[in-house]
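*Asks:* A single structure is presented below for examination.
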Amino acid sequence: MADALTLTWRQYRLERRMFWRNPSAAFFNFLLPLLFLVAGGAILAGNQHQENLLIPAIAGMSVMSTTFTALSYNIVFLREQGVLKRIRGTPLPTTSYFGGVAASAVTNTALQIGLIVLSGRLVFGIGWPRDWGELVVFVLAGVICFAALGVAFAHVIPNFESTAAYVNAVFLPVVFLSFYVFDSSSAPSFLRHIAEALPLLPLIEGIYAAIVSGSGLGDHLDELAVIGLWGLFGLYFAVRGFSWEKSQS
């Protein structure tokens with residue numbers, strides 16, 4: 001057990017070094033949501049109601065970006081480059097390898113949420129989260145859900161060259177639809193039903209409750225259930241369809 005934990009820690013440190021040595025990964029999976037926050041803050045300056053909506057929306061997008069997007073890219077790249085196949089042939093336990101990868105994704109998420117919460121307090125006048133426990137529960141649920149979905153989605157991407165097209169075909173519509181429904185009380189009911197059935201809007205609403213409104217976790221169990229169901233769906237297909245070797249297509 002101790003050896004496995006040590007190997008997990010070493011893999012985690014390696015993942016952190018590789019992340020910061022890859023400028024495109026650092027930008028798209030870490031800095032891009034923060035740029036959205038800065039741009040949105042500049043546009044909405046002085047409108048406290050809209051700023052209250054901006055912070056949880058960007059926080060939710062950050063969770064999706066640092067897990068779903070990052071892991072989809074990474075798994076496909078490592079698979080197509082033969083790295084996963086070589087790792088499987090080494091003494092490194094599978095649990096230690098994926099534990100390090102997952103811990104790196106969680107670190108990126110925690111850093112982003114921390115920066116967004118700090119920005120809400122110091123720049124946007126929102127104050128500290130009203131319910132830290134609820135914030136942790138929803139962020140943790142979101143991380144597990146979108147990380148599992150990211151690994152599962154990587155299975156359907158045929159090669160690394162098409163990864164951006166596949167990922168953006170999911171990421172951008174889900175983000176724009178969720179943002180639109182979250183920000184608009186007059187959104188068409190069919191769009192609202194679609195957004196509420198997807199995991200991002202429930203995550204944003206849970207984060208909004210924790211940071212802004214202060215309504216308790218008990219008032220948002222439906223949102224947590226949606227995230228949990230998507231997480232189970234992702235975990236099932238992430239394990240069932242996982243391949244260590246390059247696709248033959």
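Going through the structure tokens in order, the chains are called A, B, and so on, while each chain numbers its residues from 1 and the ligands are numbered from 1 in the order shown.
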I'd like the neighbourhood of Asp219 (chain A) as an mmCIF file with N, CA and C atoms, in the first residue's frame, where a residue qualifies if any of its atoms comes within 12 Å (using only C-alpha atoms), though same-chain residues fewer than 2 positions away should be ignored.

*Replies:*
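Contents of the output file out.cif:
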```cif
data_model
loop_
_atom_site.group_PDB
_atom_site.id
_atom_site.type_symbol
_atom_site.label_atom_id
_atom_site.label_comp_id
_atom_site.auth_asym_id
_atom_site.auth_seq_id
_atom_site.Cartn_x
_atom_site.Cartn_y
_atom_site.Cartn_z
ATOM 1 N N GLU A 134 -21.330 22.837 1.020
ATOM 2 C CA GLU A 134 -22.091 22.624 -0.210
ATOM 3 C C GLU A 134 -21.216 22.849 -1.440
ATOM 4 N N GLU A 205 -25.819 25.641 -10.854
ATOM 5 C CA GLU A 205 -26.846 26.029 -9.896
ATOM 6 C C GLU A 205 -26.446 25.643 -8.478
ATOM 7 N N GLY A 206 -25.790 24.503 -8.319
ATOM 8 C CA GLY A 206 -25.306 24.114 -6.998
ATOM 9 C C GLY A 206 -24.217 25.044 -6.490
ATOM 10 N N ALA A 209 -25.782 28.312 -5.428
ATOM 11 C CA ALA A 209 -26.400 28.207 -4.110
ATOM 12 C C ALA A 209 -25.343 28.285 -3.006
ATOM 13 N N ALA A 210 -24.194 27.655 -3.227
ATOM 14 C CA ALA A 210 -23.149 27.636 -2.204
ATOM 15 C C ALA A 210 -22.465 28.985 -2.053
ATOM 16 N N SER A 213 -26.437 32.461 -3.083
ATOM 17 C CA SER A 213 -27.753 32.506 -2.434
ATOM 18 C C SER A 213 -27.746 31.950 -1.023
ATOM 19 N N GLY A 214 -26.901 30.975 -0.758
ATOM 20 C CA GLY A 214 -26.836 30.408 0.583
ATOM 21 C C GLY A 214 -27.905 29.373 0.869
ATOM 22 N N SER A 215 -28.689 28.982 -0.123
ATOM 23 C CA SER A 215 -29.673 27.920 0.103
ATOM 24 C C SER A 215 -28.934 26.607 0.343
ATOM 25 N N GLY A 216 -29.445 25.810 1.235
ATOM 26 C CA GLY A 216 -28.736 24.629 1.686
ATOM 27 C C GLY A 216 -28.695 23.502 0.672
ATOM 28 N N LEU A 217 -27.866 22.515 0.967
ATOM 29 C CA LEU A 217 -27.703 21.365 0.084
ATOM 30 C C LEU A 217 -29.014 20.609 -0.088
ATOM 31 N N LEU A 221 -30.874 18.722 -4.022
ATOM 32 C CA LEU A 221 -30.596 17.293 -4.177
ATOM 33 C C LEU A 221 -30.910 16.819 -5.587
ATOM 34 N N ASP A 222 -31.899 17.444 -6.236
ATOM 35 C CA ASP A 222 -32.217 17.060 -7.615
ATOM 36 C C ASP A 222 -31.032 17.341 -8.534
ATOM 37 N N GLU A 223 -30.414 18.505 -8.363
ATOM 38 C CA GLU A 223 -29.246 18.842 -9.178
ATOM 39 C C GLU A 223 -28.097 17.869 -8.910
ATOM 40 N N LEU A 224 -27.922 17.534 -7.644
ATOM 41 C CA LEU A 224 -26.851 16.601 -7.285
ATOM 42 C C LEU A 224 -27.126 15.220 -7.857
ATOM 43 N N ALA A 225 -28.401 14.839 -7.913
ATOM 44 C CA ALA A 225 -28.764 13.534 -8.472
ATOM 45 C C ALA A 225 -28.463 13.470 -9.965
#
```

*Asks:* Could you name the residues that touch Tyr97 (chain A) at 9 Å or less, counting only C-alpha atoms, but leaving out those on the same chain fewer than 4 positions away, as a JSON list (two decimals) with N, CA, C and O atoms, in the first residue's frame?

*Replies:*
```json
[["chain", "number", "residue", "atom", "x", "y", "z"],
["A", 7, "LEU", "N", 4.30, 5.67, -5.49],
["A", 7, "LEU", "CA", 4.29, 5.72, -6.95],
["A", 7, "LEU", "C", 3.23, 6.67, -7.47],
["A", 7, "LEU", "O", 3.44, 7.37, -8.47],
["A", 8, "THR", "N", 2.09, 6.71, -6.80],
["A", 8, "THR", "CA", 1.04, 7.66, -7.19],
["A", 8, "THR", "C", 1.54, 9.09, -7.03],
["A", 8, "THR", "O", 1.30, 9.94, -7.90],
["A", 11, "GLN", "N", 3.97, 9.87, -9.81],
["A", 11, "GLN", "CA", 3.25, 10.09, -11.07],
["A", 11, "GLN", "C", 2.55, 11.44, -11.06],
["A", 11, "GLN", "O", 2.53, 12.15, -12.08],
["A", 12, "TYR", "N", 1.99, 11.81, -9.92],
["A", 12, "TYR", "CA", 1.34, 13.12, -9.79],
["A", 12, "TYR", "C", 2.33, 14.24, -10.04],
["A", 12, "TYR", "O", 2.04, 15.20, -10.77],
["A", 87, "ILE", "N", 3.12, 2.05, -20.78],
["A", 87, "ILE", "CA", 2.92, 2.13, -19.33],
["A", 87, "ILE", "C", 2.38, 0.82, -18.79],
["A", 87, "ILE", "O", 2.79, 0.35, -17.72],
["A", 92, "LEU", "N", 4.72, -0.10, -13.05],
["A", 92, "LEU", "CA", 3.87, 0.90, -12.43],
["A", 92, "LEU", "C", 2.43, 0.40, -12.35],
["A", 92, "LEU", "O", 1.83, 0.08, -13.38],
["A", 93, "PRO", "N", 1.85, 0.31, -11.16],
["A", 93, "PRO", "CA", 0.46, -0.16, -11.04],
["A", 93, "PRO", "C", -0.50, 0.78, -11.78],
["A", 93, "PRO", "O", -0.31, 2.00, -11.80],
["A", 101, "VAL", "N", -2.80, 10.91, -12.52],
["A", 101, "VAL", "CA", -3.48, 11.70, -13.54],
["A", 101, "VAL", "C", -4.71, 12.39, -12.95],
["A", 101, "VAL", "O", -4.95, 13.58, -13.17],
["A", 102, "ALA", "N", -5.50, 11.63, -12.20],
["A", 102, "ALA", "CA", -6.72, 12.19, -11.60],
["A", 102, "ALA", "C", -6.38, 13.27, -10.59],
["A", 102, "ALA", "O", -7.05, 14.31, -10.53]]
```

*Asks:* Tell me which of A:Leu201, A:Ile116, A:Val83, A:Val38 sits closest to Pro129 (chain A), counting only C-alpha atoms.

*Replies:* A:Ile116

*Asks:* Give me, as a count of residues only, all polymer residues having an atom no more than 6 Å from region 148-162 of chain A, counting only C-alpha atoms and skipping those fewer than 3 positions away in the same chain.

*Replies:* 11

*Asks:* In terms of the shortest atom-to-atom distance over only C-alpha atoms, which of A:Ile144, A:Ala197, A:Val117, A:Leu32 is closest to Trp132 (chain A)?

*Replies:*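 Selected residue with least distance to Trp132 (chain A): A:Val117.
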
*Asks:* List every residue of region 38-106 of chain A that DSSP, applied to the backbone of this structure, places in alpha helix (DSSP H), and write the result as number ranges by chain.

*Replies:* A: 38-43, 48-64, 70-80, 83-88, 94-106

*Asks:* Could you give me, as a tab-separated table, a per-residue list for region 49-99 of chain A showing, wherever an atom lies at most 9 Å from an atom of region 180-186 of chain A, the closest pair of atoms and their distance in Å to one decimal, using only C-alpha atoms and sorting by chain then residue number from low to high?

*Replies:*
```
residue	atom	partner	partner_atom	distance
A:Gln50	CA	A:Asp183	CA	8.0
A:Leu53	CA	A:Asp183	CA	6.9
A:Leu54	CA	A:Asp183	CA	8.7
A:Ala57	CA	A:Phe182	CA	8.0
```

*Asks:* For the residues in that selection, give me C-alpha atoms as a PDB file, in the first residue's frame.

*Replies:*
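Contents of the output file part_21.pdb:
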```
ATOM      1  CA  GLN A  50     -25.018  39.683 -13.474  1.00  0.00           C
ATOM      2  CA  LEU A  53     -24.341  34.872 -12.004  1.00  0.00           C
ATOM      3  CA  LEU A  54     -20.960  35.128 -13.718  1.00  0.00           C
ATOM      4  CA  ALA A  57     -21.082  29.997 -14.284  1.00  0.00           C
TER       5      ALA A  57
END
```
